[in-house]
Amino acid sequence: MTAKLISGVTIGKEIREEIATSVLDLTTEGCQPGLAVILVGENPASQTYVKNKEKSSIEVGMKSQLIKLPDTVSEQELLGHIEELNSDDSIHGILVQLPLPKHINEDLVIRSIDPNKDVDGFHPQNVGKMIIGQEGFLPCTPYGIMEMLERSGISVAGKHAVIIGRSNIVGKPMGQLLLQKDATVTYCHSRTKDLPSFTKQADILIVAIGRAKFVTADFVKEGAVVIDVGMNRDENGKLCGDVDFNTVKEVASAITPVPGGVGPMTITMLLKNTVLSAETALQEGRCKQQA
Ligand SMILES: Nc1nc(=O)c2c([nH]1)NC[C@@H]1CN(c3ccc(C(=O)N[C@@H](CCC(=O)O)C(=O)O)cc3)C=[N+]21
């Protein structure tokens, strides 16, 4: 059996077309959505991601603002930039690229972002709202995965979803979103004993561990849906996921590739959240009238 490919590029493109329409409407109404990205330091991977975000936001017609700071920047100065963006009515989304240098307190930085502009969905207020099912910004990677499943016609209710990884930005919220759609959810992590005994039960397997090609065919039940959140470099320096794509595609019923899977969806949902934020701002009269 060869699995159906779930393309984040194709599904992302479909959603970005919807987003572009909303951006045009908002712009006509005097509220062009604006996304600000703060990048601290010169990490090449981060620079690539940030460039990608900037390009994508411009493609859908948004205003994009990139603030580049040296990795010696003080916490106070960084907080000053966030404060300024918080009170800028032409900015609806603020993203501070993580990770930050060690001398900066990441939690403090995240908490300083106006929850109404927290398009990453990392602020504790948005995390709390997600857990109790209230409206707020959903974290982009899990949100993108839910959209991929839905738009691929994969139902979640009653399915056993097994998640490998328990980070605050992927694993934990992923389980919550799946639970909200009535999946039975199991979390696995680095201390889980006999990992394959759990993953082999999965109807939907979400892999977010950060180890290249770690999940092989013997971890996967015949017919399972496999979502690869990994972003690694293999021995040849090529981008690869946490899933051994070539063996797993022979047992899975559907699988996401890397690149071209979850990554593009993460950026798509960032744009979606920025549009949602601008729509709220317009409704609440917080939108700066633009030329
Ligand atoms: N505050 C914050 N928010 C983030 O959302 C955030 C972050 N910090 N720090 C880093 C991670 C990583 N991340 C990616 C997004 C898209 C791709 C992506 O589009 N990847 C392409 C390939 C890109 C390439 O060729 O390198 C793909 O999978 O096809 C990758 C990685 C967002 N992150």
# chains A, B, ... in the order shown; residues from 1 in each chain; ligands from 1
$ residues_around --residues "range 227-230 of chain A" --least-positions-apart "4" --cutoff "9 Å" --atoms "only C-alpha atoms" --output "compact mmCIF listing (two decimals) with N, CA and C atoms, in the first residue's frame"
# COMPACT_ATOMS: atom_id res chain seq x y z
N ILE A 6 -0.54 14.11 1.92
CA ILE A 6 -1.26 15.31 2.35
C ILE A 6 -0.31 16.49 2.16
N THR A 141 0.94 25.81 14.45
CA THR A 141 1.25 24.45 13.95
C THR A 141 0.10 23.47 14.22
N ILE A 145 -2.43 21.73 11.42
CA ILE A 145 -2.63 20.28 11.31
C ILE A 145 -4.12 19.95 11.32
N VAL A 170 3.70 22.72 20.32
CA VAL A 170 3.15 21.72 19.40
C VAL A 170 2.41 20.60 20.13
N ILE A 204 -4.42 8.09 14.25
CA ILE A 204 -3.76 9.32 13.81
C ILE A 204 -2.50 9.48 14.65
N LEU A 205 -1.34 9.52 13.99
CA LEU A 205 -0.07 9.62 14.72
C LEU A 205 0.58 10.97 14.41
N ILE A 206 0.81 11.74 15.46
CA ILE A 206 1.43 13.07 15.29
C ILE A 206 2.84 12.98 15.87
N VAL A 207 3.82 13.31 15.06
CA VAL A 207 5.20 13.11 15.48
C VAL A 207 5.93 14.45 15.57
N ALA A 208 6.31 14.82 16.79
CA ALA A 208 6.97 16.11 17.02
C ALA A 208 8.04 15.92 18.09
N ILE A 209 9.12 15.22 17.70
CA ILE A 209 10.16 14.92 18.68
C ILE A 209 11.49 15.57 18.35
N GLY A 210 11.72 15.91 17.07
CA GLY A 210 12.98 16.54 16.70
C GLY A 210 14.14 15.57 16.54
N ARG A 211 13.87 14.37 16.04
CA ARG A 211 14.93 13.40 15.74
C ARG A 211 14.70 12.85 14.33
N ALA A 212 15.70 13.06 13.48
CA ALA A 212 15.55 12.74 12.06
C ALA A 212 15.16 11.28 11.83
N LYS A 213 14.09 11.08 11.07
CA LYS A 213 13.64 9.75 10.61
C LYS A 213 13.49 8.73 11.74
N CYS A 240 14.72 17.04 6.50
CA CYS A 240 13.88 15.84 6.64
C CYS A 240 13.10 15.90 7.94
N GLY A 241 12.09 15.08 8.03
CA GLY A 241 11.20 15.07 9.19
C GLY A 241 11.64 14.10 10.26
N ASP A 242 10.74 13.87 11.23
CA ASP A 242 10.96 12.89 12.29
C ASP A 242 10.52 11.50 11.84
N VAL A 243 9.87 11.44 10.69
CA VAL A 243 9.31 10.18 10.18
C VAL A 243 10.17 9.69 9.01
N ALA A 254 -2.34 7.77 4.87
CA ALA A 254 -2.06 9.16 4.47
C ALA A 254 -0.88 9.67 5.27
N ILE A 255 -0.09 10.54 4.66
CA ILE A 255 1.13 11.00 5.32
C ILE A 255 1.49 12.40 4.83
N THR A 256 2.08 13.20 5.72
CA THR A 256 2.57 14.53 5.31
C THR A 256 4.06 14.46 5.03
N PRO A 257 4.53 15.13 3.96
CA PRO A 257 5.96 15.13 3.66
C PRO A 257 6.69 16.24 4.42
N VAL A 258 8.00 16.17 4.44
CA VAL A 258 8.86 17.27 4.89
C VAL A 258 10.00 17.40 3.89
N GLY A 261 4.91 19.93 4.03
CA GLY A 261 3.79 19.42 4.82
C GLY A 261 3.33 20.43 5.85
N VAL A 262 3.70 20.16 7.10
CA VAL A 262 3.24 20.99 8.21
C VAL A 262 3.80 22.41 8.16
N GLY A 263 5.07 22.56 7.71
CA GLY A 263 5.73 23.88 7.70
C GLY A 263 4.94 24.97 6.99
$ select_by_dssp --residues "range 56-247 of chain A" --states "strand (DSSP E)" --output "ChimeraX atom specification"
/A:63-69,93-96,160-164,184-188,204-207,225-228,232-233,239-240
$ select_by_dssp --residues "range 19-69 of chain A" --states "alpha helix (DSSP H)" --output "PyMOL selection string"
chain A and resi 19-28+44-59
$ residues_near_ligand --ligand "ligand 1" --cutoff "10 Å" --atoms "only C-alpha atoms and all ligand atoms" --output "PDB file with N, CA and C atoms, in the first residue's frame"
ATOM      1  N   SER A   7      -0.597  17.325   1.173  1.00  0.00           N
ATOM      2  CA  SER A   7       0.312  18.420   0.840  1.00  0.00           C
ATOM      3  C   SER A   7      -0.056  19.718   1.554  1.00  0.00           C
ATOM      4  N   GLY A   8       0.862  20.193   2.381  1.00  0.00           N
ATOM      5  CA  GLY A   8       0.662  21.484   3.055  1.00  0.00           C
ATOM      6  C   GLY A   8       0.799  22.645   2.089  1.00  0.00           C
ATOM      7  N   VAL A   9       1.470  22.393   0.977  1.00  0.00           N
ATOM      8  CA  VAL A   9       1.618  23.443  -0.036  1.00  0.00           C
ATOM      9  C   VAL A   9       0.274  23.662  -0.731  1.00  0.00           C
ATOM     10  N   VAL A  37       7.199  41.098  12.739  1.00  0.00           N
ATOM     11  CA  VAL A  37       8.028  39.983  13.188  1.00  0.00           C
ATOM     12  C   VAL A  37       9.310  40.545  13.782  1.00  0.00           C
ATOM     13  N   ILE A  38       9.622  40.103  14.975  1.00  0.00           N
ATOM     14  CA  ILE A  38      10.880  40.516  15.610  1.00  0.00           C
ATOM     15  C   ILE A  38      11.847  39.339  15.578  1.00  0.00           C
ATOM     16  N   LEU A  39      13.013  39.593  15.002  1.00  0.00           N
ATOM     17  CA  LEU A  39      14.044  38.564  14.929  1.00  0.00           C
ATOM     18  C   LEU A  39      15.273  39.041  15.698  1.00  0.00           C
ATOM     19  N   PRO A  44      20.827  31.261  11.135  1.00  0.00           N
ATOM     20  CA  PRO A  44      20.443  31.137   9.717  1.00  0.00           C
ATOM     21  C   PRO A  44      19.074  30.478   9.512  1.00  0.00           C
ATOM     22  N   ALA A  45      18.761  29.456  10.323  1.00  0.00           N
ATOM     23  CA  ALA A  45      17.454  28.803  10.182  1.00  0.00           C
ATOM     24  C   ALA A  45      16.350  29.805  10.485  1.00  0.00           C
ATOM     25  N   SER A  46      16.506  30.563  11.573  1.00  0.00           N
ATOM     26  CA  SER A  46      15.500  31.558  11.942  1.00  0.00           C
ATOM     27  C   SER A  46      15.351  32.603  10.849  1.00  0.00           C
ATOM     28  N   GLN A  47      16.472  33.000  10.243  1.00  0.00           N
ATOM     29  CA  GLN A  47      16.411  34.000   9.172  1.00  0.00           C
ATOM     30  C   GLN A  47      15.595  33.491   7.984  1.00  0.00           C
ATOM     31  N   THR A  48      15.786  32.204   7.656  1.00  0.00           N
ATOM     32  CA  THR A  48      15.015  31.598   6.563  1.00  0.00           C
ATOM     33  C   THR A  48      13.522  31.617   6.882  1.00  0.00           C
ATOM     34  N   TYR A  49      13.156  31.160   8.091  1.00  0.00           N
ATOM     35  CA  TYR A  49      11.742  31.113   8.471  1.00  0.00           C
ATOM     36  C   TYR A  49      11.129  32.499   8.417  1.00  0.00           C
ATOM     37  N   VAL A  50      11.879  33.466   8.962  1.00  0.00           N
ATOM     38  CA  VAL A  50      11.349  34.824   9.054  1.00  0.00           C
ATOM     39  C   VAL A  50      11.160  35.428   7.663  1.00  0.00           C
ATOM     40  N   ASN A  52      10.557  33.775   4.992  1.00  0.00           N
ATOM     41  CA  ASN A  52       9.405  33.056   4.477  1.00  0.00           C
ATOM     42  C   ASN A  52       8.092  33.693   4.950  1.00  0.00           C
ATOM     43  N   LYS A  53       8.050  34.055   6.221  1.00  0.00           N
ATOM     44  CA  LYS A  53       6.844  34.665   6.795  1.00  0.00           C
ATOM     45  C   LYS A  53       6.589  36.022   6.163  1.00  0.00           C
ATOM     46  N   SER A  56       5.378  35.585   2.555  1.00  0.00           N
ATOM     47  CA  SER A  56       3.997  35.079   2.518  1.00  0.00           C
ATOM     48  C   SER A  56       2.999  36.159   2.891  1.00  0.00           C
ATOM     49  N   ILE A  94       1.768  40.276  16.234  1.00  0.00           N
ATOM     50  CA  ILE A  94       3.166  40.424  16.652  1.00  0.00           C
ATOM     51  C   ILE A  94       3.734  39.033  16.889  1.00  0.00           C
ATOM     52  N   LEU A  95       4.855  38.753  16.227  1.00  0.00           N
ATOM     53  CA  LEU A  95       5.517  37.466  16.420  1.00  0.00           C
ATOM     54  C   LEU A  95       6.972  37.718  16.799  1.00  0.00           C
ATOM     55  N   VAL A  96       7.375  37.182  17.923  1.00  0.00           N
ATOM     56  CA  VAL A  96       8.780  37.233  18.308  1.00  0.00           C
ATOM     57  C   VAL A  96       9.363  35.853  18.030  1.00  0.00           C
ATOM     58  N   GLN A  97      10.266  35.797  17.081  1.00  0.00           N
ATOM     59  CA  GLN A  97      10.819  34.507  16.667  1.00  0.00           C
ATOM     60  C   GLN A  97      11.553  33.850  17.835  1.00  0.00           C
ATOM     61  N   LEU A  98      11.217  32.602  18.106  1.00  0.00           N
ATOM     62  CA  LEU A  98      11.869  31.823  19.153  1.00  0.00           C
ATOM     63  C   LEU A  98      12.839  30.827  18.507  1.00  0.00           C
ATOM     64  N   PRO A  99      13.863  30.386  19.162  1.00  0.00           N
ATOM     65  CA  PRO A  99      14.249  30.733  20.537  1.00  0.00           C
ATOM     66  C   PRO A  99      14.937  32.085  20.628  1.00  0.00           C
ATOM     67  N   LEU A 100      14.959  32.640  21.841  1.00  0.00           N
ATOM     68  CA  LEU A 100      15.646  33.904  22.102  1.00  0.00           C
ATOM     69  C   LEU A 100      16.979  33.618  22.795  1.00  0.00           C
ATOM     70  N   ILE A 110       6.865  36.796  26.016  1.00  0.00           N
ATOM     71  CA  ILE A 110       5.572  36.330  25.507  1.00  0.00           C
ATOM     72  C   ILE A 110       4.427  37.013  26.253  1.00  0.00           C
ATOM     73  N   ASP A 118      -1.452  38.475  19.731  1.00  0.00           N
ATOM     74  CA  ASP A 118      -0.588  37.301  19.908  1.00  0.00           C
ATOM     75  C   ASP A 118      -0.950  36.222  18.885  1.00  0.00           C
ATOM     76  N   VAL A 119      -0.568  36.452  17.618  1.00  0.00           N
ATOM     77  CA  VAL A 119      -0.981  35.561  16.536  1.00  0.00           C
ATOM     78  C   VAL A 119      -0.274  34.206  16.547  1.00  0.00           C
ATOM     79  N   ASP A 120       0.739  34.053  17.407  1.00  0.00           N
ATOM     80  CA  ASP A 120       1.351  32.740  17.637  1.00  0.00           C
ATOM     81  C   ASP A 120       0.480  31.876  18.562  1.00  0.00           C
ATOM     82  N   GLY A 121      -0.362  32.550  19.350  1.00  0.00           N
ATOM     83  CA  GLY A 121      -1.160  31.831  20.348  1.00  0.00           C
ATOM     84  C   GLY A 121      -0.340  31.306  21.508  1.00  0.00           C
ATOM     85  N   PHE A 122       0.734  32.014  21.849  1.00  0.00           N
ATOM     86  CA  PHE A 122       1.624  31.557  22.929  1.00  0.00           C
ATOM     87  C   PHE A 122       1.353  32.220  24.272  1.00  0.00           C
ATOM     88  N   PRO A 139      -2.511  28.152  18.431  1.00  0.00           N
ATOM     89  CA  PRO A 139      -1.119  28.059  17.985  1.00  0.00           C
ATOM     90  C   PRO A 139      -1.046  27.500  16.567  1.00  0.00           C
ATOM     91  N   CYS A 140      -0.190  28.123  15.762  1.00  0.00           N
ATOM     92  CA  CYS A 140      -0.258  27.932  14.308  1.00  0.00           C
ATOM     93  C   CYS A 140      -0.003  26.500  13.839  1.00  0.00           C
ATOM     94  N   THR A 141       0.939  25.806  14.446  1.00  0.00           N
ATOM     95  CA  THR A 141       1.252  24.451  13.954  1.00  0.00           C
ATOM     96  C   THR A 141       0.101  23.473  14.223  1.00  0.00           C
ATOM     97  N   ILE A 169       4.364  24.405  22.420  1.00  0.00           N
ATOM     98  CA  ILE A 169       3.922  25.010  21.161  1.00  0.00           C
ATOM     99  C   ILE A 169       3.375  23.998  20.154  1.00  0.00           C
ATOM    100  N   VAL A 170       3.699  22.718  20.322  1.00  0.00           N
ATOM    101  CA  VAL A 170       3.146  21.718  19.399  1.00  0.00           C
ATOM    102  C   VAL A 170       2.407  20.602  20.133  1.00  0.00           C
ATOM    103  N   ASP A 228       3.863  14.546  10.247  1.00  0.00           N
ATOM    104  CA  ASP A 228       5.279  14.736  10.618  1.00  0.00           C
ATOM    105  C   ASP A 228       5.569  16.211  10.875  1.00  0.00           C
ATOM    106  N   VAL A 229       5.831  16.539  12.124  1.00  0.00           N
ATOM    107  CA  VAL A 229       6.091  17.931  12.497  1.00  0.00           C
ATOM    108  C   VAL A 229       7.599  18.229  12.535  1.00  0.00           C
ATOM    109  N   GLY A 230       8.397  17.224  12.274  1.00  0.00           N
ATOM    110  CA  GLY A 230       9.855  17.381  12.396  1.00  0.00           C
ATOM    111  C   GLY A 230      10.460  18.297  11.361  1.00  0.00           C
ATOM    112  N   MET A 231      11.567  18.907  11.704  1.00  0.00           N
ATOM    113  CA  MET A 231      12.361  19.788  10.822  1.00  0.00           C
ATOM    114  C   MET A 231      13.820  19.504  11.147  1.00  0.00           C
ATOM    115  N   ASN A 232      14.410  18.538  10.465  1.00  0.00           N
ATOM    116  CA  ASN A 232      15.804  18.186  10.761  1.00  0.00           C
ATOM    117  C   ASN A 232      16.616  18.193   9.480  1.00  0.00           C
ATOM    118  N   ARG A 233      17.919  18.123   9.651  1.00  0.00           N
ATOM    119  CA  ARG A 233      18.815  17.935   8.505  1.00  0.00           C
ATOM    120  C   ARG A 233      19.313  16.496   8.575  1.00  0.00           C
ATOM    121  N   LYS A 238      20.228  17.478   3.986  1.00  0.00           N
ATOM    122  CA  LYS A 238      18.910  17.707   3.384  1.00  0.00           C
ATOM    123  C   LYS A 238      17.836  17.787   4.466  1.00  0.00           C
ATOM    124  N   LEU A 239      16.854  18.657   4.229  1.00  0.00           N
ATOM    125  CA  LEU A 239      15.756  18.811   5.174  1.00  0.00           C
ATOM    126  C   LEU A 239      14.967  17.514   5.274  1.00  0.00           C
ATOM    127  N   CYS A 240      14.723  17.041   6.498  1.00  0.00           N
ATOM    128  CA  CYS A 240      13.884  15.844   6.643  1.00  0.00           C
ATOM    129  C   CYS A 240      13.103  15.898   7.945  1.00  0.00           C
ATOM    130  N   GLY A 241      12.088  15.075   8.025  1.00  0.00           N
ATOM    131  CA  GLY A 241      11.203  15.075   9.185  1.00  0.00           C
ATOM    132  C   GLY A 241      11.641  14.098  10.262  1.00  0.00           C
ATOM    133  N   THR A 256       2.083  13.203   5.717  1.00  0.00           N
ATOM    134  CA  THR A 256       2.565  14.533   5.310  1.00  0.00           C
ATOM    135  C   THR A 256       4.063  14.458   5.026  1.00  0.00           C
ATOM    136  N   PRO A 257       4.532  15.126   3.964  1.00  0.00           N
ATOM    137  CA  PRO A 257       5.962  15.129   3.656  1.00  0.00           C
ATOM    138  C   PRO A 257       6.692  16.242   4.417  1.00  0.00           C
ATOM    139  N   VAL A 258       8.004  16.165   4.442  1.00  0.00           N
ATOM    140  CA  VAL A 258       8.865  17.268   4.894  1.00  0.00           C
ATOM    141  C   VAL A 258       9.996  17.398   3.886  1.00  0.00           C
ATOM    142  N   PRO A 259      10.191  18.526   3.243  1.00  0.00           N
ATOM    143  CA  PRO A 259       9.373  19.743   3.347  1.00  0.00           C
ATOM    144  C   PRO A 259       8.038  19.603   2.610  1.00  0.00           C
ATOM    145  N   GLY A 260       7.208  20.642   2.726  1.00  0.00           N
ATOM    146  CA  GLY A 260       5.957  20.686   1.975  1.00  0.00           C
ATOM    147  C   GLY A 260       4.750  20.147   2.722  1.00  0.00           C
ATOM    148  N   GLY A 261       4.906  19.925   4.030  1.00  0.00           N
ATOM    149  CA  GLY A 261       3.788  19.417   4.815  1.00  0.00           C
ATOM    150  C   GLY A 261       3.330  20.435   5.849  1.00  0.00           C
ATOM    151  N   VAL A 262       3.696  20.164   7.096  1.00  0.00           N
ATOM    152  CA  VAL A 262       3.236  20.991   8.215  1.00  0.00           C
ATOM    153  C   VAL A 262       3.803  22.413   8.160  1.00  0.00           C
ATOM    154  N   GLY A 263       5.072  22.563   7.713  1.00  0.00           N
ATOM    155  CA  GLY A 263       5.733  23.882   7.701  1.00  0.00           C
ATOM    156  C   GLY A 263       4.936  24.975   6.990  1.00  0.00           C
ATOM    157  N   PRO A 264       4.568  24.740   5.735  1.00  0.00           N
ATOM    158  CA  PRO A 264       3.779  25.763   5.032  1.00  0.00           C
ATOM    159  C   PRO A 264       2.427  26.042   5.682  1.00  0.00           C
ATOM    160  N   MET A 265       1.855  25.025   6.350  1.00  0.00           N
ATOM    161  CA  MET A 265       0.572  25.234   7.034  1.00  0.00           C
ATOM    162  C   MET A 265       0.746  26.124   8.263  1.00  0.00           C
ATOM    163  N   THR A 266       1.886  25.995   8.940  1.00  0.00           N
ATOM    164  CA  THR A 266       2.162  26.846  10.107  1.00  0.00           C
ATOM    165  C   THR A 266       2.132  28.318   9.693  1.00  0.00           C
ATOM    166  N   ILE A 267       2.787  28.610   8.589  1.00  0.00           N
ATOM    167  CA  ILE A 267       2.823  29.998   8.114  1.00  0.00           C
ATOM    168  C   ILE A 267       1.435  30.447   7.654  1.00  0.00           C
ATOM    169  N   THR A 268       0.714  29.546   6.994  1.00  0.00           N
ATOM    170  CA  THR A 268      -0.643  29.879   6.544  1.00  0.00           C
ATOM    171  C   THR A 268      -1.534  30.288   7.723  1.00  0.00           C
ATOM    172  N   MET A 269      -1.446  29.531   8.834  1.00  0.00           N
ATOM    173  CA  MET A 269      -2.327  29.836   9.961  1.00  0.00           C
ATOM    174  C   MET A 269      -1.893  31.098  10.690  1.00  0.00           C
ATOM    175  N   LEU A 270      -0.609  31.422  10.581  1.00  0.00           N
ATOM    176  CA  LEU A 270      -0.132  32.705  11.113  1.00  0.00           C
ATOM    177  C   LEU A 270      -0.820  33.856  10.366  1.00  0.00           C
TER     178      LEU A 270
END
$ atom_distance --atom1 "CA of Val60 in chain A" --atom2 "CA of Ser155 in chain A"
29.3 Å
$ residues_around --residues "Glu54 in chain A" --least-positions-apart "3" --cutoff "9 Å" --atoms "only C-alpha atoms" --output "list in words"
Leu35, Ala36, Val37, Tyr49, Val50, Lys51, Ser57, Ile58, Glu59, Ser64, Gln65 and Leu66 of chain A
$ write_last_selection --atoms "C-alpha atoms" --output "PDB file, in the first residue's frame"
ATOM      1  CA  LEU A  35       2.085  41.615  10.822  1.00  0.00           C
ATOM      2  CA  ALA A  36       5.247  42.507  12.729  1.00  0.00           C
ATOM      3  CA  VAL A  37       8.028  39.983  13.188  1.00  0.00           C
ATOM      4  CA  TYR A  49      11.742  31.113   8.471  1.00  0.00           C
ATOM      5  CA  VAL A  50      11.349  34.824   9.054  1.00  0.00           C
ATOM      6  CA  LYS A  51      11.988  35.660   5.407  1.00  0.00           C
ATOM      7  CA  SER A  57       2.378  38.011   4.304  1.00  0.00           C
ATOM      8  CA  ILE A  58       3.206  40.355   1.426  1.00  0.00           C
ATOM      9  CA  GLU A  59       1.855  37.816  -1.097  1.00  0.00           C
ATOM     10  CA  SER A  64       4.730  43.378   6.868  1.00  0.00           C
ATOM     11  CA  GLN A  65       7.186  44.848   9.323  1.00  0.00           C
ATOM     12  CA  LEU A  66      10.442  43.134  10.207  1.00  0.00           C
TER      13      LEU A  66
END
$ closest_residue --among "A:Glu75, A:Glu29, A:Asp244, A:Glu135" --to "Asn105 in chain A" --atoms "only C-alpha atoms"
A:Glu75
$ residues_around --residues "Ala252 in chain A" --least-positions-apart "4" --cutoff "8 Å" --atoms "only C-alpha atoms" --output "list in words"
Met1, Thr2, Ala3, Val220, Lys221, Glu222, Gly223, Ala224, Val225, Val226 and Val248 of chain A
$ closest_residue --among "A:Lys55, A:Asp203, A:Ile131, A:Gln180" --to "Ile163 in chain A" --atoms "only C-alpha atoms"
A:Asp203
$ residues_around --residues "Asp88 in chain A" --least-positions-apart "6" --cutoff "10 Å" --atoms "only C-alpha atoms" --output "list in words"
Gly34, Ile82, Arg286, Cys287 and Lys288 of chain A
$ decode --residues "range 56-67 of chain A" --atoms "N, CA and C atoms" --output "PDB file, in the first residue's frame"
ATOM      1  N   SER A  56       5.378  35.585   2.555  1.00  0.00           N
ATOM      2  CA  SER A  56       3.997  35.079   2.518  1.00  0.00           C
ATOM      3  C   SER A  56       2.999  36.159   2.891  1.00  0.00           C
ATOM      4  N   SER A  57       3.333  36.987   3.881  1.00  0.00           N
ATOM      5  CA  SER A  57       2.378  38.011   4.304  1.00  0.00           C
ATOM      6  C   SER A  57       2.207  39.061   3.205  1.00  0.00           C
ATOM      7  N   ILE A  58       3.293  39.377   2.525  1.00  0.00           N
ATOM      8  CA  ILE A  58       3.206  40.355   1.426  1.00  0.00           C
ATOM      9  C   ILE A  58       2.395  39.779   0.265  1.00  0.00           C
ATOM     10  N   GLU A  59       2.588  38.478  -0.008  1.00  0.00           N
ATOM     11  CA  GLU A  59       1.855  37.816  -1.097  1.00  0.00           C
ATOM     12  C   GLU A  59       0.339  37.898  -0.931  1.00  0.00           C
ATOM     13  N   VAL A  60      -0.135  37.825   0.326  1.00  0.00           N
ATOM     14  CA  VAL A  60      -1.591  37.903   0.531  1.00  0.00           C
ATOM     15  C   VAL A  60      -2.064  39.346   0.705  1.00  0.00           C
ATOM     16  N   GLY A  61      -1.157  40.309   0.566  1.00  0.00           N
ATOM     17  CA  GLY A  61      -1.550  41.718   0.583  1.00  0.00           C
ATOM     18  C   GLY A  61      -1.472  42.415   1.925  1.00  0.00           C
ATOM     19  N   MET A  62      -0.806  41.765   2.884  1.00  0.00           N
ATOM     20  CA  MET A  62      -0.699  42.396   4.206  1.00  0.00           C
ATOM     21  C   MET A  62       0.445  43.393   4.248  1.00  0.00           C
ATOM     22  N   LYS A  63       0.396  44.204   5.302  1.00  0.00           N
ATOM     23  CA  LYS A  63       1.558  45.020   5.623  1.00  0.00           C
ATOM     24  C   LYS A  63       2.490  44.149   6.469  1.00  0.00           C
ATOM     25  N   SER A  64       3.770  44.203   6.138  1.00  0.00           N
ATOM     26  CA  SER A  64       4.730  43.378   6.868  1.00  0.00           C
ATOM     27  C   SER A  64       5.823  44.259   7.432  1.00  0.00           C
ATOM     28  N   GLN A  65       6.114  44.070   8.706  1.00  0.00           N
ATOM     29  CA  GLN A  65       7.186  44.848   9.323  1.00  0.00           C
ATOM     30  C   GLN A  65       8.161  43.896  10.006  1.00  0.00           C
ATOM     31  N   LEU A  66       9.422  43.996   9.602  1.00  0.00           N
ATOM     32  CA  LEU A  66      10.442  43.134  10.207  1.00  0.00           C
ATOM     33  C   LEU A  66      11.360  43.985  11.066  1.00  0.00           C
ATOM     34  N   ILE A  67      11.507  43.584  12.316  1.00  0.00           N
ATOM     35  CA  ILE A  67      12.430  44.287  13.209  1.00  0.00           C
ATOM     36  C   ILE A  67      13.565  43.335  13.550  1.00  0.00           C
TER      37      ILE A  67
END
